[in-house]
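> This is the structure I want to talk about, given as structure tokens.
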Amino acid sequence: MATDPTTSLKIRTALGQYLKRDPATILMTHHLRDDLGLDSMAVIELLYRIEEAFDLQIPDQDLEGLANVGQVVSYVEKRLGKTASPVPTKKPTKPSKPKSRKKS
Amino acid sequence: MRARVVVTGLGVVSPIGIGVSEFWKAALSGQSGISAITSFAPFPMDGYRSKVAGQVRDFAVEQFLDSAHGERVDRYAQFALVAAKEALTDSGIQMAKENPHRVAVIVGAGMGGMVMGEREITQLYERQKPNRVHPNFIPVITLNSASGIIAIAYGAKGPNLTISTACSSSAHALGQALHCIREGRADVVITVGADASITPLVFAGFCSLRALSTKFNEQPEKASRPFDRLRDGFVMGEGAGTLILESAAHAKKRKARVYAEIAGYAATSEAYHMVIPREDGVEVANTMKLALADAGLTPGQVDYINAHATSTTIGDAVEAKAIRQLFKSRADKIAINATKSLIGHTLGAAGAIGGIASVLALHTGQIHPTANYDDPDPACALGGLSRSAQERRIKVALLNAFGFGSNNAAVVLKHASA
């Protein structure tokens with residue numbers, strides 16, 4: 001799948017900064033939670049950084065499809081209009097189950 | 001023997017009514033207090049993911065207070081003053097007849113004076129005139145401004161405390177009030193929960209946290225739906241609740257009407273995550289168990305639970321799981337409701353307002369509906385939840401409250417004659 005290297009690098013750099021590790025070690029196939037250890041709050045913080053970096057608004061209902069690094073990159077590219085390729089998914093997406101993991 | 005502690009007065013400011021009788025009538029009919037936020041002038045709502053809240057409409061403090069005490073405090077403290085006035089009147093306590101050093105004030109507040117706080121900070125950065133910061137800025141934003149002004153208004157010279165544990169603040173205030181009386185440090189505790197921070201910055205912060213419901217912006221009254229399959233976050237609310245707690249001996253001496261007894265309390269920390277609860281529910285179950293033990297009761301004696309139930313996906317599921325763990329086969333027999341389904345999440349006021357709903361459930365035998373419990377989520381369906389009001393004779397009630405910072409509270413209440 002063709003991805004814009006700039007978008008990918010920006011996102012992996014943001015992840016690298018958050019995780020305090022070399023962005024080069026972060027792979028497109030890495031699952032945000034299972035491989036990178038991000039909990040739901042950390043994912044929200046990452047998306048906040050991405051929103052800032054790309055001047056985007058990511059609605060809550062789009063979070064469901066953003067499980068691995070590649071999905072995040074594709075999503076951002078799609079939103080920026082850089083590619084028409086669909087957001088890759090490992091599993092078929094279920095009807096959107098709302099996610100709100102705060103206790104408050 | 002430990003002093004028994006009873007509730008003798010109630011007062012409330014809520015999105016479904018100012019005053020206990022208005023609140024309770026609306027609650028029993030399942031009326032929603034959630035509405036669209038029209039604007040945060042000068043901000044349009046476009047930039048906000050969530051656009052609904054449980055707002056106290058058309059509130060003007062001077063309509064409720066004879067004194068000027070409400071004029072120089074923030075909105076949350078105004079709510080607190082109004083709820084305290086109603087509760088004191090309801091209790092029949094006359095401060096002139098009390099030893100003022102035996103009357104305490106304990107307030108639970110999560111956010112404090114954010115209305116003025118945000119305005120002053122904005123003005124300072126915009127105008128860059130530090131000498132134009134309002135002289136009342138510090139006393140207003142200090143988190144104990146509500147407990148301070150209530151004591152000043154009524155001459156209550158006993159312990160004056162503010163508990164700030166986010167969304168569980170006033171459940172802990174109830175617990176600390178219980179301890180205060182048990183330990184003999186006061187005869188009466190004016191126990192309050194208050195918050196009013198549906199403000200441009202705080203609301204934006206909760207939006208950024210992705211904690212709020214966003215799917216029901218066009219149907220505000222549907223947005224707060226604890227335990228329902230379509231729930232997608234909590235709805236911010238605002239308000240205040242006051243419960244007058246006093247020693248049973250003191251209440252008896254002045255022949256006061258007793259609504260209910262506050263019989264037990266537990267406070268724990270999950271020591272886990274700032275905003276995410278442990279998914280196994282173990283610590284929540286433990287908190288309820290400890291509170292019941294403090295009351296000298298067992299899980300088998302609980303008839304009713306006023307759930308924390310904010311309408312978040314994980315929070316409601318964890319609470320339901322914890323209820324199943326602790327109450328086992330009885331979990332579906334216990335009456336349960338979620339006050340936040342009607343008024344949203346009033347943050348620091350939630351424990352006190354839920355406490356009032358619990359006291360009234362014990363006192364009247366009526367349990368208000370859980371609004372929007374239309375399609376029970378299998379992950380957290382419990383047999384005692386209902387979209388309709390329920391009539392049950394309740395002897396023992398449990399009030400749950402959990403807060404950011406990984407903290408849990410549970411309060412046990414008993415029928416006045418139990």
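Numbering starts fresh at 1 for the residues of each chain in the structure tokens, the chains themselves are lettered A, B, ... in the order given, and ligands are numbered from 1 as they appear.
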Mind checking which residues fall within 8 Å of segment 400-416 of chain B, counting only C-alpha atoms, ignoring those fewer than 6 positions away in the same chain, and posting them as a ChimeraX atom specification?

/A:103-104 /B:6,165-169,171-172,174-175,258-277,284,287-288,291-292,295,305-308,350-351,358-359,362-363,394

> How about saving the chosen residues, N, CA and C atoms kept, as a tab-separated table (two decimals), in the first residue's frame?


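Now in selection_7.tsv:
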```tsv
chain	number	residue	atom	x	y	z
A	103	LYS	N	-13.73	6.43	33.76
A	103	LYS	CA	-14.61	6.10	34.87
A	103	LYS	C	-15.36	7.32	35.33
A	104	SER	N	-14.64	8.40	35.50
A	104	SER	CA	-15.16	9.66	36.02
A	104	SER	C	-16.33	9.49	36.95
B	6	VAL	N	-27.61	10.26	61.60
B	6	VAL	CA	-28.84	10.27	60.80
B	6	VAL	C	-28.91	11.50	59.89
B	165	THR	N	-12.08	14.92	45.39
B	165	THR	CA	-11.64	13.65	44.81
B	165	THR	C	-12.40	13.45	43.50
B	166	ALA	N	-12.46	14.53	42.70
B	166	ALA	CA	-13.14	14.49	41.40
B	166	ALA	C	-14.59	14.04	41.58
B	167	CYS	N	-14.97	13.01	40.83
B	167	CYS	CA	-16.39	12.65	40.73
B	167	CYS	C	-16.96	11.99	41.98
B	168	SER	N	-16.10	11.62	42.90
B	168	SER	CA	-16.58	10.99	44.13
B	168	SER	C	-16.53	11.95	45.32
B	169	SER	N	-16.23	13.22	45.06
B	169	SER	CA	-15.96	14.17	46.15
B	169	SER	C	-17.03	14.17	47.24
B	171	ALA	N	-19.42	11.95	47.88
B	171	ALA	CA	-19.62	10.68	48.58
B	171	ALA	C	-18.58	10.59	49.71
B	172	HIS	N	-17.37	11.04	49.41
B	172	HIS	CA	-16.36	11.08	50.48
B	172	HIS	C	-16.73	12.13	51.53
B	174	LEU	N	-19.70	12.78	52.53
B	174	LEU	CA	-20.67	12.09	53.40
B	174	LEU	C	-19.93	11.16	54.37
B	175	GLY	N	-18.95	10.46	53.85
B	175	GLY	CA	-18.18	9.55	54.69
B	175	GLY	C	-17.40	10.28	55.76
B	258	VAL	N	-36.38	12.18	61.14
B	258	VAL	CA	-35.20	11.46	60.62
B	258	VAL	C	-35.58	10.80	59.29
B	259	TYR	N	-34.84	11.15	58.24
B	259	TYR	CA	-35.08	10.55	56.92
B	259	TYR	C	-34.48	9.15	56.82
B	260	ALA	N	-33.25	9.04	57.32
B	260	ALA	CA	-32.51	7.79	57.13
B	260	ALA	C	-31.26	7.85	58.01
B	261	GLU	N	-30.59	6.72	58.08
B	261	GLU	CA	-29.33	6.67	58.83
B	261	GLU	C	-28.17	6.50	57.85
B	262	ILE	N	-27.07	7.18	58.13
B	262	ILE	CA	-25.83	6.90	57.37
B	262	ILE	C	-25.07	5.91	58.23
B	263	ALA	N	-24.93	4.69	57.73
B	263	ALA	CA	-24.47	3.62	58.61
B	263	ALA	C	-23.05	3.15	58.34
B	264	GLY	N	-22.53	3.42	57.17
B	264	GLY	CA	-21.18	2.92	56.88
B	264	GLY	C	-20.56	3.62	55.69
B	265	TYR	N	-19.26	3.47	55.60
B	265	TYR	CA	-18.52	4.18	54.54
B	265	TYR	C	-17.18	3.50	54.32
B	266	ALA	N	-16.77	3.46	53.08
B	266	ALA	CA	-15.41	3.00	52.79
B	266	ALA	C	-14.80	3.83	51.69
B	267	ALA	N	-13.51	4.04	51.81
B	267	ALA	CA	-12.74	4.78	50.80
B	267	ALA	C	-11.54	3.93	50.42
B	268	THR	N	-11.34	3.74	49.14
B	268	THR	CA	-10.18	2.96	48.69
B	268	THR	C	-9.56	3.62	47.45
B	269	SER	N	-8.37	3.17	47.13
B	269	SER	CA	-7.77	3.57	45.86
B	269	SER	C	-7.47	2.32	45.06
B	270	GLU	N	-7.68	2.40	43.76
B	270	GLU	CA	-7.30	1.28	42.91
B	270	GLU	C	-5.81	1.33	42.60
B	271	ALA	N	-5.20	2.48	42.85
B	271	ALA	CA	-3.77	2.66	42.59
B	271	ALA	C	-3.42	2.10	41.21
B	272	TYR	N	-4.23	2.48	40.22
B	272	TYR	CA	-4.14	1.83	38.92
B	272	TYR	C	-3.89	2.81	37.77
B	273	HIS	N	-4.83	3.72	37.55
B	273	HIS	CA	-4.71	4.63	36.40
B	273	HIS	C	-5.48	5.91	36.72
B	274	MET	N	-5.02	7.05	36.20
B	274	MET	CA	-5.67	8.32	36.54
B	274	MET	C	-7.13	8.39	36.09
B	275	VAL	N	-7.45	7.79	34.95
B	275	VAL	CA	-8.83	7.90	34.48
B	275	VAL	C	-9.51	6.57	34.11
B	276	ILE	N	-8.74	5.51	34.05
B	276	ILE	CA	-9.34	4.22	33.63
B	276	ILE	C	-9.49	3.31	34.85
B	277	PRO	N	-10.67	2.73	35.04
B	277	PRO	CA	-10.84	1.81	36.17
B	277	PRO	C	-10.27	0.43	35.86
B	284	VAL	N	-13.69	-2.20	43.20
B	284	VAL	CA	-15.03	-1.63	43.41
B	284	VAL	C	-15.83	-2.55	44.34
B	287	THR	N	-14.63	-2.19	47.81
B	287	THR	CA	-15.07	-0.94	48.46
B	287	THR	C	-16.48	-1.09	49.02
B	288	MET	N	-17.37	-1.68	48.22
B	288	MET	CA	-18.75	-1.89	48.69
B	288	MET	C	-18.75	-2.81	49.91
B	291	ALA	N	-17.56	-1.00	53.03
B	291	ALA	CA	-18.57	-0.05	53.54
B	291	ALA	C	-19.65	-0.80	54.31
B	292	LEU	N	-20.06	-1.95	53.77
B	292	LEU	CA	-21.08	-2.76	54.46
B	292	LEU	C	-20.54	-3.27	55.79
B	295	ALA	N	-20.71	-0.77	58.37
B	295	ALA	CA	-22.08	-0.61	58.87
B	295	ALA	C	-22.54	-1.82	59.69
B	305	ILE	N	-29.24	-0.14	45.28
B	305	ILE	CA	-27.96	0.51	45.00
B	305	ILE	C	-28.19	1.73	44.11
B	306	ASN	N	-27.73	2.88	44.58
B	306	ASN	CA	-27.67	4.05	43.72
B	306	ASN	C	-26.29	3.99	43.07
B	307	ALA	N	-26.29	3.56	41.80
B	307	ALA	CA	-25.01	3.27	41.13
B	307	ALA	C	-24.29	4.54	40.72
B	308	HIS	N	-22.98	4.44	40.61
B	308	HIS	CA	-22.20	5.58	40.11
B	308	HIS	C	-22.58	5.81	38.64
B	350	ALA	N	-22.21	14.82	42.53
B	350	ALA	CA	-22.90	13.56	42.21
B	350	ALA	C	-23.18	12.70	43.43
B	351	GLY	N	-22.21	12.58	44.33
B	351	GLY	CA	-22.40	11.75	45.52
B	351	GLY	C	-23.52	12.28	46.40
B	358	SER	N	-30.98	8.36	47.30
B	358	SER	CA	-30.96	7.15	48.15
B	358	SER	C	-31.78	7.36	49.42
B	359	VAL	N	-31.59	8.51	50.05
B	359	VAL	CA	-32.34	8.82	51.27
B	359	VAL	C	-33.83	8.82	50.97
B	362	LEU	N	-35.20	5.33	50.53
B	362	LEU	CA	-35.44	4.70	51.84
B	362	LEU	C	-36.68	5.28	52.51
B	363	HIS	N	-36.81	6.59	52.41
B	363	HIS	CA	-37.86	7.29	53.13
B	363	HIS	C	-39.23	7.08	52.49
B	394	ILE	N	-37.41	-0.58	51.22
B	394	ILE	CA	-35.96	-0.74	51.28
B	394	ILE	C	-35.50	-0.51	52.71
```

> Tell me, counting only C-alpha atoms, for each residue of segment 184-249 of chain B within 10 Å of segment 38-56 of chain A, which pair of atoms is nearest and how far apart they are in Å to one decimal, in rows ordered by chain and increasing number, as JSON lines.


```
{"residue": "B:Ser208", "atom": "CA", "partner": "A:Tyr48", "partner_atom": "CA", "distance": 7.8}
{"residue": "B:Leu209", "atom": "CA", "partner": "A:Ile44", "partner_atom": "CA", "distance": 7.0}
{"residue": "B:Arg210", "atom": "CA", "partner": "A:Ile44", "partner_atom": "CA", "distance": 7.4}
```

> Name the residues of segment 228-373 of chain B that come out as helix (DSSP H, G or I) in a backbone DSSP run; write them as an NGL selection string.

:B and (248-253 or 282-294 or 299-301 or 313-330 or 340-343 or 347-364)

> Can you pull out every residue within 10 Å of segment 181-190 of chain B, counting only C-alpha atoms, but drop anything in the same chain fewer than 6 positions away, and send it as an NGL selection string?

:B and (1-10 or 84-85 or 87-88 or 93 or 98-107 or 147 or 150-151 or 156-160 or 173-174 or 242-251)

> Which residues, written as number ranges by chain, have at least one atom at most 8 Å from segment 130-137 of chain B, with only C-alpha atoms counted and residues fewer than 2 positions away on the same chain left out?

B: 72, 116-117, 120, 123-124, 128, 139-141

> Taking only C-alpha atoms into account, name the residue in A:Thr25, A:Gln57, A:Tyr18, A:Arg12 that is nearest to Val69 of chain A.

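So, comparing all the options, the nearest one is A:Arg12.
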
> Mind giving me the straight-line distance from atom CA of Thr122 of chain B to atom CA of Gly110 of chain B in Å, one decimal?

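Atom CA of Gly110 of chain B lies 21.3 Å from atom CA of Thr122 of chain B.
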
> Using only C-alpha atoms, determine which residues lie at most 12 Å from Lys222 of chain B, disregarding the query and same-chain residues fewer than 2 positions distant; provide the list as an MDAnalysis selection string.

chainID B and resid 30:36 52:54 213:220 224:226 228 230:235 311 340:344 370:374

> Of the candidates B:Asp66, B:Glu319, B:Glu118, B:Asp74, which one gets nearest to chain A if we count only C-alpha atoms?

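Among the listed residues, the smallest separation from chain A belongs to B:Glu319.
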
> Just how far from atom CA of Asp316 of chain B is atom CA of Gly47 of chain B, in Å to one decimal?

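So the answer is 27.9 Å.
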